[in-house]
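Have a look at final.cif below; it lists mmCIF, C-alpha atoms and all ligand atoms.
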data_final
loop_
_atom_site.label_atom_id
_atom_site.label_comp_id
_atom_site.auth_asym_id
_atom_site.auth_seq_id
_atom_site.Cartn_x
_atom_site.Cartn_y
_atom_site.Cartn_z
CA MET H 51 -1.54 4.26 -32.20
CA HIS H 52 -0.69 5.64 -28.75
CA ASP H 53 2.71 5.23 -27.11
CA VAL H 54 1.47 3.87 -23.78
CA LEU H 55 -1.83 2.71 -22.31
CA VAL H 56 -1.80 2.88 -18.53
CA ILE H 57 -4.50 0.61 -17.11
CA GLY H 58 -5.57 2.00 -13.74
CA ASP H 59 -5.98 5.57 -12.53
CA GLY H 60 -4.78 5.10 -8.93
CA PRO H 61 -1.59 6.69 -7.57
CA ALA H 62 0.78 4.23 -9.28
CA GLY H 63 -0.89 4.58 -12.68
CA SER H 64 -1.07 8.35 -12.51
CA GLN H 65 2.57 8.62 -11.46
CA VAL H 66 3.71 6.50 -14.44
CA ALA H 67 1.49 8.60 -16.72
CA TYR H 68 2.87 11.84 -15.28
CA ARG H 69 6.47 10.77 -15.86
CA LEU H 70 5.95 9.33 -19.35
CA ALA H 71 3.76 12.21 -20.55
CA GLY H 72 6.45 14.51 -19.12
CA GLN H 73 8.96 12.78 -21.41
CA GLY H 74 6.72 13.71 -24.35
CA TYR H 75 5.01 10.35 -24.91
CA ASP H 76 1.38 10.00 -25.94
CA VAL H 77 -0.18 8.40 -22.86
CA VAL H 78 -3.78 7.30 -22.25
CA VAL H 79 -4.91 6.30 -18.75
CA LEU H 80 -7.90 3.95 -18.44
CA GLY H 81 -10.04 4.10 -15.29
CA LYS H 82 -12.76 1.73 -14.15
CA LYS H 83 -14.79 4.31 -12.26
CA GLU H 84 -16.30 7.62 -13.35
CA LYS H 85 -13.49 9.56 -11.67
CA PRO H 86 -10.09 8.71 -10.10
CA GLY H 87 -10.23 8.04 -6.35
CA ARG H 88 -13.92 7.08 -6.11
CA GLN H 89 -14.69 5.13 -2.93
CA VAL H 90 -11.18 3.85 -2.33
CA CYS H 91 -10.85 1.76 0.81
CA CYS H 92 -7.61 3.32 2.16
CA THR H 93 -6.56 5.27 5.25
CA GLY H 94 -4.29 7.54 3.24
CA ILE H 95 -1.30 7.67 5.58
CA ILE H 96 1.95 8.40 3.77
CA SER H 97 5.30 9.39 5.21
CA GLN H 98 6.43 12.97 5.27
CA ALA H 99 9.36 11.82 3.11
CA CYS H 100 6.94 10.40 0.53
CA ALA H 101 4.90 13.63 0.50
CA SER H 102 8.06 15.69 -0.06
CA SER H 103 9.82 13.52 -2.61
CA PHE H 104 6.69 13.11 -4.73
CA ALA H 105 5.57 16.73 -4.21
CA ILE H 106 2.13 15.64 -3.02
CA ASN H 107 -0.47 18.35 -3.46
CA GLU H 108 -1.11 20.06 -0.09
CA SER H 109 -4.81 20.40 -0.84
CA ALA H 110 -5.19 16.62 -0.43
CA VAL H 111 -3.55 16.60 3.04
CA LEU H 112 -6.03 16.34 5.92
CA GLY H 113 -3.51 16.36 8.73
CA ARG H 114 -0.06 15.41 9.94
CA VAL H 115 1.08 12.76 12.38
CA ARG H 116 4.02 12.86 14.76
CA SER H 117 2.84 10.37 17.37
CA ALA H 118 0.96 7.12 17.76
CA ARG H 119 -0.38 5.11 20.68
CA ILE H 120 0.09 1.37 20.35
CA PHE H 121 -1.98 -0.92 22.57
CA SER H 122 -1.08 -4.51 23.40
CA PRO H 123 -3.82 -7.17 23.55
CA SER H 124 -4.30 -6.60 27.29
CA GLY H 125 -4.32 -2.80 26.88
CA LYS H 126 -0.69 -1.98 27.73
CA LEU H 127 0.41 1.17 25.98
CA ILE H 128 3.54 2.20 24.10
CA SER H 129 3.51 5.83 23.00
CA LEU H 130 5.64 6.71 20.02
CA TRP H 131 6.43 10.35 19.68
CA ARG H 132 8.89 12.33 17.58
CA GLN H 133 9.63 16.02 17.41
CA GLU H 134 9.13 16.19 13.65
CA ASN H 135 6.00 15.25 11.72
CA GLN H 136 6.42 11.70 10.49
CA ALA H 137 3.46 11.27 8.20
CA CYS H 138 0.55 12.95 6.43
CA ILE H 139 -3.00 11.74 6.22
CA VAL H 140 -4.35 12.37 2.75
CA ASN H 141 -7.93 12.31 1.58
CA ARG H 142 -7.60 9.41 -0.85
CA SER H 143 -10.18 10.74 -3.23
CA ALA H 144 -8.62 14.23 -3.43
CA PHE H 145 -5.15 12.66 -3.58
CA ASP H 146 -6.00 10.46 -6.57
CA VAL H 147 -7.65 13.40 -8.34
CA SER H 148 -4.58 15.59 -7.74
CA MET H 149 -2.24 12.89 -9.06
CA ALA H 150 -4.41 12.54 -12.17
CA SER H 151 -4.55 16.32 -12.69
CA ARG H 152 -0.78 16.49 -12.54
CA ALA H 153 -0.46 13.80 -15.23
CA GLN H 154 -3.10 15.59 -17.32
CA SER H 155 -1.15 18.84 -17.02
CA LYS H 156 1.71 17.03 -18.82
CA GLY H 157 -0.63 15.86 -21.56
CA ALA H 158 -1.81 12.43 -20.36
CA GLN H 159 -5.34 11.73 -21.52
CA TYR H 160 -7.75 10.10 -19.03
CA MET H 161 -10.61 7.82 -20.02
CA PRO H 162 -12.78 7.26 -16.93
CA ASP H 163 -15.54 4.63 -16.92
CA SER H 164 -13.45 2.58 -19.32
CA PRO H 165 -12.23 -0.62 -17.67
CA ALA H 166 -9.75 -2.72 -19.61
CA ARG H 167 -11.14 -6.21 -20.19
CA ASP H 168 -8.27 -7.91 -21.95
CA ILE H 169 -4.78 -7.30 -23.29
CA THR H 170 -3.30 -8.92 -26.38
CA VAL H 171 0.40 -8.49 -26.97
CA LYS H 172 1.34 -8.54 -30.66
CA ASP H 173 4.76 -8.24 -32.29
CA ASP H 174 4.51 -4.52 -32.89
CA ARG H 175 1.79 -3.34 -30.44
CA VAL H 176 -0.52 -4.13 -27.57
CA VAL H 177 -4.27 -4.20 -28.12
CA VAL H 178 -6.43 -3.48 -25.09
CA GLU H 179 -10.14 -4.27 -25.14
CA VAL H 180 -12.04 -1.66 -23.20
CA ALA H 181 -15.65 -1.52 -22.00
CA HIS H 182 -16.85 1.95 -22.91
CA ASP H 183 -20.21 3.70 -23.21
CA GLY H 184 -22.22 0.50 -22.98
CA GLY H 185 -20.17 -1.08 -25.76
CA GLY H 186 -16.58 -2.01 -26.35
CA LEU H 187 -13.60 -0.59 -28.16
CA LYS H 188 -10.07 -1.65 -28.92
CA LEU H 189 -7.18 0.67 -28.16
CA GLU H 190 -3.68 0.16 -29.52
CA ALA H 191 -0.36 1.30 -28.14
CA ARG H 192 3.30 0.47 -28.34
CA ALA H 193 3.25 -0.67 -24.70
CA ALA H 194 0.92 -1.03 -21.71
CA VAL H 195 1.41 -0.53 -17.98
CA ILE H 196 -0.88 -2.51 -15.70
CA ALA H 197 -1.61 -0.46 -12.58
CA SER H 198 -5.11 -1.69 -11.86
CA GLY H 199 -4.57 -2.64 -8.23
CA PHE H 200 -4.64 -5.91 -6.31
CA GLY H 201 -6.52 -8.87 -7.73
CA THR H 202 -6.51 -7.72 -11.34
CA ARG H 203 -7.05 -10.55 -13.82
CA LEU H 204 -4.96 -8.72 -16.39
CA VAL H 205 -1.69 -10.04 -14.90
CA GLU H 206 -2.69 -13.70 -15.09
CA GLY H 207 -0.01 -14.55 -17.66
CA LEU H 208 2.70 -13.27 -15.30
CA GLY H 209 2.07 -15.62 -12.39
CA ARG H 210 0.52 -15.08 -8.99
CA ILE H 211 0.82 -13.00 -5.85
CA GLY H 212 1.66 -15.58 -3.16
CA ASP H 213 0.03 -14.04 -0.10
CA PHE H 214 -2.52 -11.36 0.63
CA VAL H 215 -4.80 -10.09 3.36
CA ILE H 216 -8.16 -8.33 3.43
CA GLY H 217 -8.46 -4.81 4.83
CA ALA H 218 -11.71 -3.42 6.20
CA GLN H 219 -12.45 0.15 7.12
CA ALA H 220 -15.29 2.48 8.11
CA GLU H 221 -15.64 6.17 8.85
CA VAL H 222 -16.72 7.01 12.39
CA GLU H 223 -17.20 10.02 14.63
CA THR H 224 -14.69 10.15 17.47
CA SER H 225 -15.00 11.55 20.95
CA GLY H 226 -11.88 13.65 21.45
CA ILE H 227 -9.33 11.27 19.91
CA ASP H 228 -6.62 13.35 18.28
CA GLU H 229 -3.83 10.80 17.94
CA VAL H 230 -3.42 7.73 15.79
CA GLU H 231 -4.14 4.58 17.80
CA VAL H 232 -3.05 1.07 16.86
CA TYR H 233 -4.46 -2.08 18.47
CA LEU H 234 -2.69 -5.43 18.51
CA GLY H 235 -3.99 -8.87 19.36
CA GLN H 236 -5.20 -12.03 17.72
CA GLU H 237 -8.69 -11.35 19.06
CA VAL H 238 -8.63 -7.80 17.62
CA ALA H 239 -7.18 -8.36 14.15
CA PRO H 240 -5.93 -11.92 13.65
CA GLY H 241 -2.33 -11.86 12.42
CA PHE H 242 -2.32 -8.11 11.93
CA PHE H 243 -3.46 -4.94 13.67
CA ALA H 244 -6.32 -2.46 13.83
CA TRP H 245 -6.31 1.34 13.84
CA LEU H 246 -8.23 4.48 14.65
CA VAL H 247 -6.97 7.43 12.62
CA PRO H 248 -8.44 10.90 13.18
CA THR H 249 -8.91 12.63 9.82
CA SER H 250 -11.04 15.81 9.89
CA PRO H 251 -12.32 16.30 13.47
CA PRO H 252 -14.56 14.79 14.68
CA MET H 253 -14.28 12.15 11.96
CA ALA H 254 -11.85 9.25 11.93
CA LEU H 255 -11.19 6.05 10.04
CA VAL H 256 -11.37 2.81 11.96
CA GLY H 257 -10.06 -0.28 10.26
CA LEU H 258 -8.07 -3.45 10.39
CA LEU H 259 -6.29 -6.08 8.39
CA SER H 260 -7.22 -9.62 9.21
CA ARG H 261 -6.43 -13.12 8.02
CA ARG H 262 -10.04 -14.11 8.66
CA SER H 263 -13.55 -12.62 9.00
CA PRO H 264 -12.60 -8.92 8.63
CA GLU H 265 -16.25 -7.88 8.76
CA PHE H 266 -16.80 -9.65 12.10
CA TYR H 267 -13.63 -8.21 13.64
CA LEU H 268 -14.34 -4.69 12.41
CA ARG H 269 -17.85 -4.76 13.95
CA LYS H 270 -16.34 -6.11 17.18
CA LEU H 271 -13.69 -3.37 17.21
CA ILE H 272 -16.25 -0.62 16.61
CA SER H 273 -18.42 -1.92 19.47
CA SER H 274 -15.40 -2.07 21.76
CA LEU H 275 -14.29 1.48 20.89
CA GLN H 276 -17.85 2.71 21.42
CA ALA H 277 -17.92 1.01 24.82
CA GLN H 278 -14.63 2.74 25.70
CA GLY H 279 -16.15 6.09 24.70
CA LYS H 280 -13.57 6.60 21.95
CA ILE H 281 -16.05 6.71 19.10
CA ALA H 282 -19.57 8.02 18.94
CA SER H 283 -21.02 6.40 15.80
CA ASP H 284 -21.31 2.87 14.47
CA GLY H 285 -19.40 3.30 11.22
CA GLY H 286 -22.20 2.87 8.65
CA SER H 287 -21.25 0.47 5.88
CA PRO H 288 -17.60 -0.59 5.92
CA SER H 289 -15.56 -1.10 2.77
CA TYR H 290 -13.16 -3.95 2.03
CA ARG H 291 -10.16 -4.48 -0.19
CA GLY H 292 -7.40 -7.03 -0.69
CA ILE H 293 -3.78 -6.12 -0.01
CA PRO H 294 -0.87 -8.09 -1.51
CA LEU H 295 1.85 -9.15 0.93
CA GLU H 296 4.25 -10.62 -1.60
CA PRO H 297 5.25 -9.46 -5.09
CA LEU H 298 3.78 -10.81 -8.31
CA ALA H 299 5.94 -13.62 -9.74
CA ARG H 300 6.96 -11.47 -12.73
CA THR H 301 6.31 -7.75 -13.21
CA TYR H 302 7.28 -7.33 -16.85
CA GLY H 303 6.71 -8.98 -20.20
CA LYS H 304 6.99 -8.08 -23.85
CA ARG H 305 5.54 -4.53 -24.19
CA LEU H 306 4.22 -4.80 -20.60
CA LEU H 307 5.06 -3.56 -17.12
CA VAL H 308 3.11 -4.02 -13.88
CA VAL H 309 3.27 -1.47 -11.03
CA GLY H 310 1.77 -0.75 -7.61
CA ASP H 311 -0.58 -3.16 -5.85
CA ALA H 312 -1.01 -5.11 -9.09
CA ALA H 313 2.71 -5.97 -8.77
CA GLY H 314 2.57 -6.53 -4.98
CA GLN H 315 4.79 -3.51 -4.24
CA VAL H 316 3.46 -3.09 -0.70
CA LYS H 317 4.98 -3.01 2.80
CA PRO H 318 4.30 -6.48 4.22
CA THR H 319 4.42 -5.07 7.76
CA THR H 320 1.56 -2.55 7.45
CA GLY H 321 -0.01 -3.14 4.04
CA GLY H 322 0.86 0.46 3.05
CA GLY H 323 1.40 0.57 -0.70
CA ILE H 324 1.23 4.18 -1.82
CA TYR H 325 4.91 5.02 -1.34
CA TYR H 326 6.37 1.83 -2.83
CA GLY H 327 3.90 2.10 -5.70
CA LEU H 328 5.12 5.63 -6.47
CA VAL H 329 8.79 4.63 -6.17
CA CYS H 330 8.23 1.75 -8.59
CA ALA H 331 6.13 3.92 -10.92
CA ASP H 332 9.15 6.20 -11.36
CA ILE H 333 11.41 3.22 -12.04
CA ALA H 334 8.84 1.86 -14.52
CA ALA H 335 8.55 5.18 -16.36
CA ARG H 336 12.33 5.56 -16.57
CA ASN H 337 12.82 2.07 -18.00
CA LEU H 338 9.84 2.21 -20.33
CA GLY H 339 10.88 5.67 -21.55
CA ARG H 340 14.31 4.30 -22.46
CA ALA H 341 12.82 1.24 -24.18
CA LEU H 342 10.39 3.41 -26.19
CA GLU H 343 13.21 5.67 -27.26
CA LYS H 344 15.26 2.72 -28.52
CA ASP H 345 12.11 1.09 -29.86
CA ASN H 346 13.10 -2.10 -28.08
CA LEU H 347 10.11 -3.26 -26.06
CA SER H 348 11.11 -6.91 -25.75
CA ALA H 349 10.72 -8.65 -22.40
CA LYS H 350 14.51 -8.76 -22.16
CA SER H 351 14.77 -5.02 -22.59
CA LEU H 352 12.05 -4.36 -19.96
CA ALA H 353 13.45 -6.87 -17.46
CA ASN H 354 15.66 -4.12 -16.10
CA TYR H 355 12.57 -2.56 -14.50
CA GLU H 356 12.17 -5.58 -12.23
CA ARG H 357 15.88 -5.79 -11.51
CA GLU H 358 15.90 -2.12 -10.53
CA TRP H 359 12.84 -2.13 -8.29
CA LYS H 360 13.95 -5.34 -6.60
CA ARG H 361 17.38 -3.82 -5.98
CA LYS H 362 15.64 -0.98 -4.21
CA LEU H 363 12.89 -2.89 -2.36
CA GLY H 364 13.60 -6.62 -2.61
CA ARG H 365 15.60 -7.11 0.60
CA GLU H 366 13.27 -4.84 2.55
CA LEU H 367 10.22 -6.80 1.34
CA ARG H 368 11.85 -10.10 2.31
CA ILE H 369 12.85 -8.98 5.83
CA CYS H 370 9.49 -7.36 6.45
CA TYR H 371 7.57 -10.39 5.21
CA TRP H 372 9.64 -12.53 7.55
CA GLY H 373 8.95 -10.10 10.43
CA ARG H 374 5.26 -10.24 9.60
CA LYS H 375 5.20 -14.05 9.73
CA LEU H 376 7.08 -13.99 13.03
CA TYR H 377 4.45 -11.64 14.46
CA GLU H 378 1.68 -13.90 13.18
CA HIS H 379 3.22 -16.74 15.19
CA LEU H 380 2.75 -14.91 18.48
CA ASN H 381 -0.28 -15.39 20.68
CA ASP H 382 -1.74 -12.57 22.74
CA ARG H 383 0.14 -13.54 25.88
CA GLN H 384 3.41 -13.53 23.96
CA ILE H 385 2.68 -10.14 22.36
CA ASP H 386 2.03 -8.75 25.83
CA ARG H 387 5.26 -10.25 27.11
CA ILE H 388 7.21 -8.64 24.27
CA PHE H 389 5.53 -5.32 25.05
CA ASP H 390 6.73 -5.63 28.66
CA ILE H 391 10.27 -6.39 27.56
CA ILE H 392 10.31 -3.47 25.11
CA LYS H 393 9.03 -1.04 27.72
CA THR H 394 11.08 -2.17 30.71
CA ASN H 395 14.30 -2.23 28.71
CA GLY H 396 13.71 1.12 27.00
CA ILE H 397 13.90 -0.55 23.58
CA ASP H 398 11.07 1.70 22.32
CA ASP H 399 13.04 4.84 23.25
CA ALA H 400 16.24 3.48 21.73
CA LEU H 401 14.42 2.64 18.49
CA LEU H 402 12.79 6.06 18.35
CA LYS H 403 16.14 7.76 18.79
CA ALA H 404 17.76 5.74 16.01
CA ASP H 405 18.33 7.99 13.02
CA ASP H 406 17.48 5.28 10.56
CA LEU H 407 14.06 4.45 12.03
CA SER H 408 11.82 5.28 9.14
CA PHE H 409 8.11 5.31 8.42
CA ASP H 410 8.75 3.65 5.05
CA TRP H 411 11.61 1.26 5.74
CA HIS H 412 10.93 -1.18 8.56
CA GLY H 413 13.59 -3.81 7.85
CA LYS H 414 16.28 -2.17 9.98
CA ALA H 415 13.91 -1.75 12.93
CA ILE H 416 12.92 -5.43 12.67
CA LEU H 417 16.57 -6.51 12.59
CA ARG H 418 17.36 -4.25 15.52
CA LEU H 419 14.46 -5.63 17.53
CA VAL H 420 15.26 -9.30 16.97
CA GLY H 421 18.93 -8.47 17.57
CA GLN H 422 18.18 -7.41 21.17
CA LYS H 423 19.54 -10.14 23.44
CA VAL H 424 16.70 -9.78 25.89
CA LEU H 425 14.17 -10.31 23.10
CA THR H 426 15.98 -13.20 21.44
CA ARG H 427 16.12 -14.93 24.83
CA ALA H 428 12.39 -14.39 25.28
CA LEU H 429 11.57 -15.60 21.75
CA ALA H 430 13.75 -18.66 22.26
CA ALA H 431 11.94 -19.40 25.54
CA MET H 432 8.63 -19.08 23.68
CA LYS H 433 10.00 -21.48 21.03
CA ILE H 434 9.44 -18.85 18.32
CA PRO H 435 12.05 -19.14 15.54
CA PHE H 436 13.74 -15.75 15.56
CA LYS H 437 16.66 -16.25 13.17
CA ILE H 438 16.22 -14.08 10.12
CA GLY H 439 15.26 -16.14 7.12
CA THR H 440 13.65 -18.98 9.12
CA GLN H 441 10.68 -20.34 7.23
CA PHE H 442 7.40 -20.20 9.10
CA SER H 443 4.77 -22.82 8.44
C1 LIG H 501 -8.15 -0.67 4.51
C2 LIG H 501 -6.91 -0.20 3.77
C3 LIG H 501 -6.16 0.84 4.28
C4 LIG H 501 -5.00 1.26 3.60
N1 LIG H 501 -4.29 2.31 4.12
C5 LIG H 501 -3.15 2.68 3.51
C6 LIG H 501 -2.39 3.75 4.04
O1 LIG H 501 -2.75 4.37 5.05
N2 LIG H 501 -1.23 4.10 3.40
C7 LIG H 501 -0.78 3.43 2.29
O2 LIG H 501 0.29 3.75 1.78
N3 LIG H 501 -1.51 2.42 1.77
C8 LIG H 501 -2.68 2.05 2.34
N4 LIG H 501 -3.42 1.05 1.79
C9 LIG H 501 -2.95 0.43 0.54
C10 LIG H 501 -3.16 1.41 -0.62
O3 LIG H 501 -4.51 1.78 -0.67
C11 LIG H 501 -2.72 0.77 -1.93
O4 LIG H 501 -1.42 0.26 -1.77
C12 LIG H 501 -2.72 1.78 -3.08
O5 LIG H 501 -4.00 2.28 -3.31
C13 LIG H 501 -2.19 1.11 -4.35
O6 LIG H 501 -2.23 2.03 -5.42
P1 LIG H 501 -2.33 1.50 -6.92
O7 LIG H 501 -2.34 2.71 -7.77
O8 LIG H 501 -1.33 0.44 -7.15
O9 LIG H 501 -3.74 0.75 -6.98
P2 LIG H 501 -5.19 1.28 -6.68
O10 LIG H 501 -5.18 2.41 -5.73
O11 LIG H 501 -5.99 0.07 -6.34
O12 LIG H 501 -5.67 1.88 -8.07
C14 LIG H 501 -6.05 1.05 -9.14
C15 LIG H 501 -7.02 1.82 -10.01
O13 LIG H 501 -7.27 1.06 -11.18
C16 LIG H 501 -8.67 1.04 -11.43
N5 LIG H 501 -8.95 -0.20 -12.17
C17 LIG H 501 -9.13 -1.45 -11.66
N6 LIG H 501 -9.34 -2.33 -12.65
C18 LIG H 501 -9.27 -1.62 -13.82
C19 LIG H 501 -9.40 -1.97 -15.17
N7 LIG H 501 -9.64 -3.23 -15.56
N8 LIG H 501 -9.29 -0.99 -16.12
C20 LIG H 501 -9.04 0.29 -15.75
N9 LIG H 501 -8.91 0.68 -14.44
C21 LIG H 501 -9.02 -0.26 -13.50
C22 LIG H 501 -9.31 1.09 -10.05
O14 LIG H 501 -10.64 1.58 -10.12
C23 LIG H 501 -8.36 2.05 -9.33
O15 LIG H 501 -8.75 3.38 -9.52
C24 LIG H 501 -4.60 0.61 2.42
C25 LIG H 501 -5.36 -0.44 1.90
C26 LIG H 501 -6.51 -0.84 2.57
C27 LIG H 501 -7.32 -1.97 2.00
#

Show me, as structure tokens, the structure contained in the file I just sent.
Ligand SMILES: Cc1cc2nc3c(=O)[nH]c(=O)nc-3n(C[C@H](O)[C@H](O)[C@H](O)COP(=O)(O)OP(=O)(O)OC[C@H]3O[C@@H](n4cnc5c(N)ncnc54)[C@H](O)[C@@H]3O)c2cc1C
Amino acid sequence: MHDVLVIGDGPAGSQVAYRLAGQGYDVVVLGKKEKPGRQVCCTGIISQACASSFAINESAVLGRVRSARIFSPSGKLISLWRQENQACIVNRSAFDVSMASRAQSKGAQYMPDSPARDITVKDDRVVVEVAHDGGGLKLEARAAVIASGFGTRLVEGLGRIGDFVIGAQAEVETSGIDEVEVYLGQEVAPGFFAWLVPTSPPMALVGLLSRRSPEFYLRKLISSLQAQGKIASDGGSPSYRGIPLEPLARTYGKRLLVVGDAAGQVKPTTGGGIYYGLVCADIAARNLGRALEKDNLSAKSLANYEREWKRKLGRELRICYWGRKLYEHLNDRQIDRIFDIIKTNGIDDALLKADDLSFDWHGKAILRLVGQKVLTRALAAMKIPFKIGTQFS
């Protein structure tokens, strides 16, 4: 019997495996595809802080970002620029492979092409049914970690993720775009935003998150960027993926932990989940390591994992989800108006100069923004509820 079966070979799963194998446990990682990182629909932007604290392998880094151009629905521009690099763009495939290699170097064993079909929790073990080599096999371990991404059926016994969005993305050739561009507007990406991210010149990723018809809006965006001369190709076949916006109801059970997108550990503002997934993977590995050592893998013993990750991220997730819903309430005219207010009052500069403005933590920036008198007056005039915690319908 193994110590731990990690189900999912994405960044969260590989990070848990790396930490637990590093503590000397016998860890097996199950992957659905023939190799980690195959055809992942992801832009691969992570903060510089994330790259440093998780010692991300440089060979996976395509480029660094210190500025972004944000366009309002009517085309008004706010340029964000900082002296220091703020983020890295990683090649998701190379990144996932490097995370897996690191776990393997500590002794974790990877089983690609072996999707978990079902988990049974018994008194003294978990039994995971795996599709393998055209047949099936049963693997046993003292505990399992579910890290199989958003929408996994394996978490069904632990409740639901309350809200999610679909992301769509395609690779395109750009014409001289060397900065990240972000496009706002309900006619561009309903409820969310779209992006053009240069990766390896002349290539870039164009994508969006949308409450409805992501395929339609992505095609529309590509046509519009072609018409503006920003991109030179039509994007081939786009890929799609769901992104959780709220956490799973419960992220632990007897002999079980859930991490990453499967647990809904994602920034509700941007849908970025790599950093929070890695943070929670470390918390999961620490708690599971302790429980394995004491041989107490009861739900009560593992509940501390959820307490710990919620202490770290819970408030941030709540504020950011609220900020997201507030944004979704705005129509294009109102977004443009807020752009005007931000620019004419220098709020963008003030925010950029704030030491605590962070690529990974958006709660403080949201509170600062809605705390600006000039903005609260405008939101009140628009009849948009702006008091933190207000429920949006
Ligand atoms: C369009 C788009 C753009 C994005 N851009 C960014 C970005 O720029 N920055 C950022 O931080 N986040 C971004 N994200 C989100 C990010 O991709 C996810 O948060 C991140 O991949 C979550 O990692 P994970 O390890 O939890 O899950 P995943 O990366 O989904 O990994 C899960 C793994 O488990 C495997 N698997 C699934 N089912 C099984 C099974 N039954 N058995 C075994 N293995 C299984 C899958 O094949 C996969 O390899 C983006 C998402 C989308 C949709």

Report, as AutoDock Vina command-line options, the centre and edge lengths in Å (one decimal) of the axis-aligned box enclosing every listed atom of ligand LIG 501 (chain H), padded by 4 Å on each side.
--center_x -5.2 --center_y 0.6 --center_z -5.5 --size_x 18.9 --size_y 15.6 --size_z 29.2

Record the distance separating CA of Lys360 (chain H) and atom C12 of ligand LIG 501 (chain H), expressed in Å with one decimal.
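Going from CA of Lys360 (chain H) over to atom C12 of ligand LIG 501 (chain H) covers 18.5 Å.
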
In Å to one decimal, how far is CA of Asp228 (chain H) from CA of Val247 (chain H)?
8.2 Å

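Residues lying within 6 Å of Ala166 (chain H), counting only C-alpha atoms and ignoring same-chain neighbours fewer than 2 positions away, are Asp168, Glu179 and Val180 of chain H.
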
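Proximity ranking of H:Ile227, H:Leu347, H:Val238, H:Ala194 relative to Ser274 (chain H) places H:Val238 first, based on only C-alpha atoms.
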
Set the distance at 7 Å and use all atoms listed in the file: which residues neighbour Ala331 (chain H) once local chain neighbours fewer than 4 positions away are removed? I'd like the list as a list in words.
Ala62, Gln65, Val66, Val309, Gly327 and Ala335 of chain H

Take CA of Phe145 (chain H) and CA of Asn107 (chain H) and report the distance between them in Å, one decimal.
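CA of Phe145 (chain H) sits 7.4 Å away from CA of Asn107 (chain H).
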
For ligand LIG 501 (chain H), return the neighbouring residues as a PyMOL selection string (distance at most 7 Å; all atoms listed in the file).
chain H and resi 57-63+80-83+86-87+91-96+164-167+197-200+202+216-219+257-259+290-293+309-312+316+321-325+327

Around the point (2.3, -0.4, 31.3) (coordinates from the file), which residues reach within 12 Å if we count all atoms listed in the file? Answer as a ChimeraX atom specification.
/H:120-129,386-394

Close residues, Gly364 (chain H) itself excluded, 12 Å, only C-alpha atoms, min 3 positions apart in chain, as a list in words
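With the cut-off at 12 Å, the set is Glu296, Pro297, Gly314, Gln315, Val316, Lys317, Pro318, Tyr326, Cys330, Glu356, Arg357, Glu358, Trp359, Lys360, Arg361, Leu367, Arg368, Ile369, Cys370, Tyr371, Trp411 and Gly413 of chain H.
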
Go through H:Ser117, H:Gln98, H:Asn381, H:Gln159 one by one, measure the shortest atom-to-atom distance of each to Ala239 (chain H) using only C-alpha atoms, and give the residue with the smallest value.
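Nearest candidate to Ala239 (chain H) out of H:Ser117, H:Gln98, H:Asn381, H:Gln159: H:Asn381.
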
Distance query Ser143 (chain H) at most 9 Å, all atoms listed in the file, self and fewer than 4 positions along chain excluded, as a PyMOL selection string:
chain H and resi 86-90+110+147-148

Between H:Ala254, H:Met149, H:Ala415, H:Ile385, which residue has the minimum interatomic distance to Phe242 (chain H), considering all atoms listed in the file?
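Among the listed residues, the smallest separation from Phe242 (chain H) belongs to H:Ile385.
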
Which one is closest to Arg336 (chain H): H:Met51, H:Ala71, H:Ile106, H:Leu295? Count only C-alpha atoms.
H:Ala71

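If you measure from each of H:Val256, H:Val420, H:Leu352, H:Leu275 to Phe243 (chain H) using only C-alpha atoms, the closest one turns out to be H:Val256.
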
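Comparing H:Thr319, H:Leu268, H:Leu208, H:Val230 by their smallest distance to Ala137 (chain H), the closest is H:Val230 (using all atoms listed in the file).
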
Could you list, as a CSV table (one decimal) with C-alpha atoms, keeping the file's coordinate frame, every residue within 10 Å of region 344-346 of chain H, counting only C-alpha atoms and ignoring same-chain residues fewer than 6 positions away?
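Written file, around_38.csv:
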chain,number,residue,atom,x,y,z
H,174,ASP,CA,4.5,-4.5,-32.9
H,192,ARG,CA,3.3,0.5,-28.3
H,304,LYS,CA,7.0,-8.1,-23.8
H,305,ARG,CA,5.5,-4.5,-24.2
H,338,LEU,CA,9.8,2.2,-20.3
H,352,LEU,CA,12.0,-4.4,-20.0

Given the point (-14.6, 7.9, 19.9) in the coordinates of this file, which residues lie within 7 Å, counting only C-alpha atoms, and how would they look as a count of residues only?
11
